[in-house]
Structure formats: structure tokens, C-alpha cells
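Colleague: The structure is given below, and queries will be raised subsequently.
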Amino acid sequence: MKETYSIAQLTPYINWLYFYHAWGVSRQQADGQQQLRQEAEERLQRYDGHYHAYALFTLFEANSDGEDIIVDGEERIPCLRQQQENSEYLCLADFIAPQQSAPTPIGLFATSVDMGMETDFNADPYEKMMAQLLADRLAEAAAEVMHRDVRTRYWGYAPDEQLTIEDLHAERFQGIRPAVGYPSLPDVSLNFVIDRLLGGMNQIGIRLTENGAMKPHASVSGLMISHPKAHYFSIGKIGEDQLRDYARRRGLPVETVRKFLSANL
């Protein structure tokens with residue numbers, strides 16, 4: 001499924017706290033935040049109609065096999081498990097029905113914005129930064145709106161959900177939306193797997209670098225998991241044993257995977 005969003009549609013869903021943080025403006029600098037937001041909203045009105053954001057998502061049946069999520073009975077999404085003491089020793093596969101059980105649905109998604117928001121303002125460093133940071137927020141807002149619609153309509157496991165935008169930002173909904181490159185799914189090269197399963201992120205203008213990073217930079221990809229006890233967590237540091245096992249499950253050389261997971265070693 002592919003969705004196209006106008007900037008006006010997504011503006012109410014922007015999480016401004018992350019926008020202020022990117023500029024280095026704290027909560028204590030209320031005047032600075034107000035000024036930034038005013039400038040940002042003026043630009044969003046200007047961008048509306050010229051640029052759009054997009055979402056691409058698909059629902060599959062899935063089971064887990066150890067630390068792997070098996071999608072559609074064939075493709076494996078290898079995950080990592082927390083190894084540090086005093087952690088919950090969680091893995092995302094824990095929230096998917098095991099192989100011997102009936103499969104449960106899982107969602108895969110990608111969102112992005114028109115590349116022009118990253119390339120049309122190169123002549124002015126301030127405008128370029130403003131457009132880039134707003135593009136980042138719009139890609140995240142598109143993921144928020146898409147995930148809400150999946151929960152209430154397309155997947156429909158929460159059809160009666162009635163949440164405010166503040167509730168959405170506080171993640172008061174059932175399920176999680178772990179993104180590739182984020183703490184519970186840190187290997188960016190998993191984008192190659194998600195790209196295959198989605199039938200090509202190029203449908204919404206995303207291309208992947210040789211390491212799996214997405215272009216435009218203002219893009220988000222990941223999983224949608226509905227388990228009522230699912231919550232976000234950080235993998236943290238892993239040992240050589242898990243690195244080697246993960247490389248085996250990815251079907252890649254250990255040294256290649258070591259580069260992908262350098263921050264977790």
C-alpha cells in the first residue's frame with residue numbers, strides 16, 4: 001500500500017521537541033522555541049503543494065525462530081538480543097508467535113519526503129538546514145499517521161483507538177514501530193531485506209547506499225508489531241558470540257557485519 005501526504009496534512013503531527021533539540025534550543029529557551037516554530041511554520045506553508053511525503057507499507061504473516069522473524073514463511077529478518085547484565089534480555093522476535101504456533105501479522109514500512117527538500121536550498125546554509133530538519137520531522141510525522149491508519153483500518157487491531165496527537169507522540173497506543181538504525185534494530189543494512197519485502201522502496205523515491213542507508217536522508221523504515229506487551233528497548237553492547245551468530249544468520253562475513261554494528265560492540 002502506498003500513501004501520499006501533503007505537508008498541510010502532516011504539520012499537526014510534527015513532534016516539535018525533536019526539532020528544537022536538533023537546533024540545540026532547550027525547553028528553558030521558550031522565546032527561542034517560539035521564534036523557531038514561527039519560522040518553521042511559515043516555511044511549511046510555503047512548501048505545501050511543492051513537496052510531499054510518502055508511506056509504503058505491507059502486512060505479512062510472521063513467526064519467530066529464535067532471534068529471527070520469519071516473514072511470509074520464507075524471508076528472515078535476523079534480530080539481536082540484549083546481552084548486558086540487568087537488561088531484560090529482549091529481542092524483537094520475542095513479540096512474534098513462535099514457529100510451532102499459528103502465524104501472527106507483522107507490518108513493514110518506509111516513509112520519505114521529496115528529495116527536493118534536501119537539494120533545493122543548497123545556496124543558503126540556513127534555509128538548507130531548516131528544510132532538512134523539517135523534512136526529517138515530516139518523514140516521522142508520515143510514519144505516525146501511517147501507523148495510526150494501519151492500527152485502526154488496514155490491520156485494524158485497534159479499531160476503536162481514540163488518541164490525541166499528544167498521545168501518539170507519547171506512544172500510548174498498542175504495539176510498537178521499531179525503526180531500522182534505532183536502538184532495538186540497529187543494523188542499517190536490514191534495509192535491504194525490508195526493501196525486498198516491500199517490493200522496492202524506490203516506489204516512494206528512496207534509494208539505498210551500499211551500506212543500506214536511505215536517500216533522501218529524511219526517510220524512516222522499520223517494523224510494526226502489535227503484541228500488547230511489546231515495548232521499545234535498546235540492544236546495547238553485544239559480545240563476539242552474538243556478532244558471529246548474527247553474521248551467520250545474515251549470511252554475511254563477520255567483518256562486514258562488524259562494520260554495520262560497530263556502535264554495539
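Every chain in the C-alpha cells takes a letter, A first, then B, and so on in the order presented; its residues are numbered from 1, and the ligands are numbered from 1 following the presented order.
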Give me the residues of region 209-237 of chain A that have any atom at most 6 Å from an atom of region 179-194 of chain A; for each, the nearest atom pair and the distance in Å, rounded to one decimal. Use only C-alpha atoms, sort by chain and number, and format it as CSV.

Modeller:
```
residue,atom,partner,partner_atom,distance
A:Asn211,CA,A:Ser189,CA,5.7
A:Gly212,CA,A:Ser189,CA,4.3
A:Ser221,CA,A:Ala179,CA,5.5
A:Gly222,CA,A:Ala179,CA,4.1
A:Phe233,CA,A:Ser184,CA,5.6
A:Ser234,CA,A:Pro183,CA,4.4
A:Ile235,CA,A:Ser184,CA,5.3
```

Colleague: Can you build me a table of region 154-245 of chain A residues sitting at most 12 Å from region 116-125 of chain A, with the closest atom pair per residue and its distance in Å to one decimal, using only C-alpha atoms, sorted by chain and residue number, as a Markdown table?

Modeller:
```
| residue | atom | partner | partner_atom | distance |
| --- | --- | --- | --- | --- |
| A:Gly205 | CA | A:Gly116 | CA | 11.0 |
| A:Lys215 | CA | A:Glu118 | CA | 9.8 |
| A:Pro216 | CA | A:Glu118 | CA | 7.3 |
| A:His217 | CA | A:Glu118 | CA | 8.1 |
| A:Ala218 | CA | A:Glu118 | CA | 8.3 |
| A:Ser219 | CA | A:Glu118 | CA | 11.4 |
```

Colleague: Between A:Arg151, A:Tyr20, A:Asp65, A:Arg244, which one has atoms that come closest to Gly32 (chain A), using only C-alpha atoms?

Modeller: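 Among the listed residues, A:Tyr20 lies closest to Gly32 (chain A).
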
Colleague: Show me, as a list in words, the residues that have an atom within 12 Å of Glu88 (chain A) when counting only C-alpha atoms, minus same-chain residues fewer than 3 positions from it.

Modeller: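 Answer for this query is Arg81, Gln82, Gln83, Gln84, Glu85, Cys91, Leu92, Asp94, His231, Tyr232, Phe233, Ser234, Ile235 and Gly236 of chain A.
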
Colleague: One number please: CA of Arg172 (chain A) to CA of Cys79 (chain A), in Å, one decimal.

Modeller: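 Answer for the CA of Arg172 (chain A) to CA of Cys79 (chain A) separation: 24.6 Å.
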
Colleague: Just the residues within 12 Å of Ala30 (chain A), please, counting only C-alpha atoms, with nothing from its chain fewer than 6 positions along; format it as an NGL selection string.

Modeller: :A and (17 or 20 or 36-37)

Colleague: Could you save the residues just selected, with N, CA, C and O atoms, as a JSON list (two decimals), in the first residue's frame?

Modeller:
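Once everything was written out, this is again_27.json:
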```
[["chain", "number", "residue", "atom", "x", "y", "z"],
["A", 17, "LEU", "N", 9.46, 18.89, 19.69],
["A", 17, "LEU", "CA", 10.56, 18.74, 20.66],
["A", 17, "LEU", "C", 11.84, 18.29, 19.98],
["A", 17, "LEU", "O", 12.93, 18.78, 20.30],
["A", 20, "TYR", "N", 13.34, 21.24, 17.99],
["A", 20, "TYR", "CA", 14.09, 22.18, 18.83],
["A", 20, "TYR", "C", 15.42, 21.57, 19.26],
["A", 20, "TYR", "O", 16.45, 22.25, 19.29],
["A", 36, "LEU", "N", 11.63, 29.90, 16.51],
["A", 36, "LEU", "CA", 11.93, 28.81, 15.57],
["A", 36, "LEU", "C", 10.67, 28.22, 14.97],
["A", 36, "LEU", "O", 10.59, 27.98, 13.77],
["A", 37, "ARG", "N", 9.68, 27.98, 15.82],
["A", 37, "ARG", "CA", 8.46, 27.37, 15.33],
["A", 37, "ARG", "C", 7.73, 28.29, 14.36],
["A", 37, "ARG", "O", 7.18, 27.83, 13.34]]
```

Colleague: Quick one, how far is CA of Ile204 (chain A) from CA of Tyr54 (chain A)?

Modeller: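 Separation of CA of Ile204 (chain A) and CA of Tyr54 (chain A): 6.1 Å.
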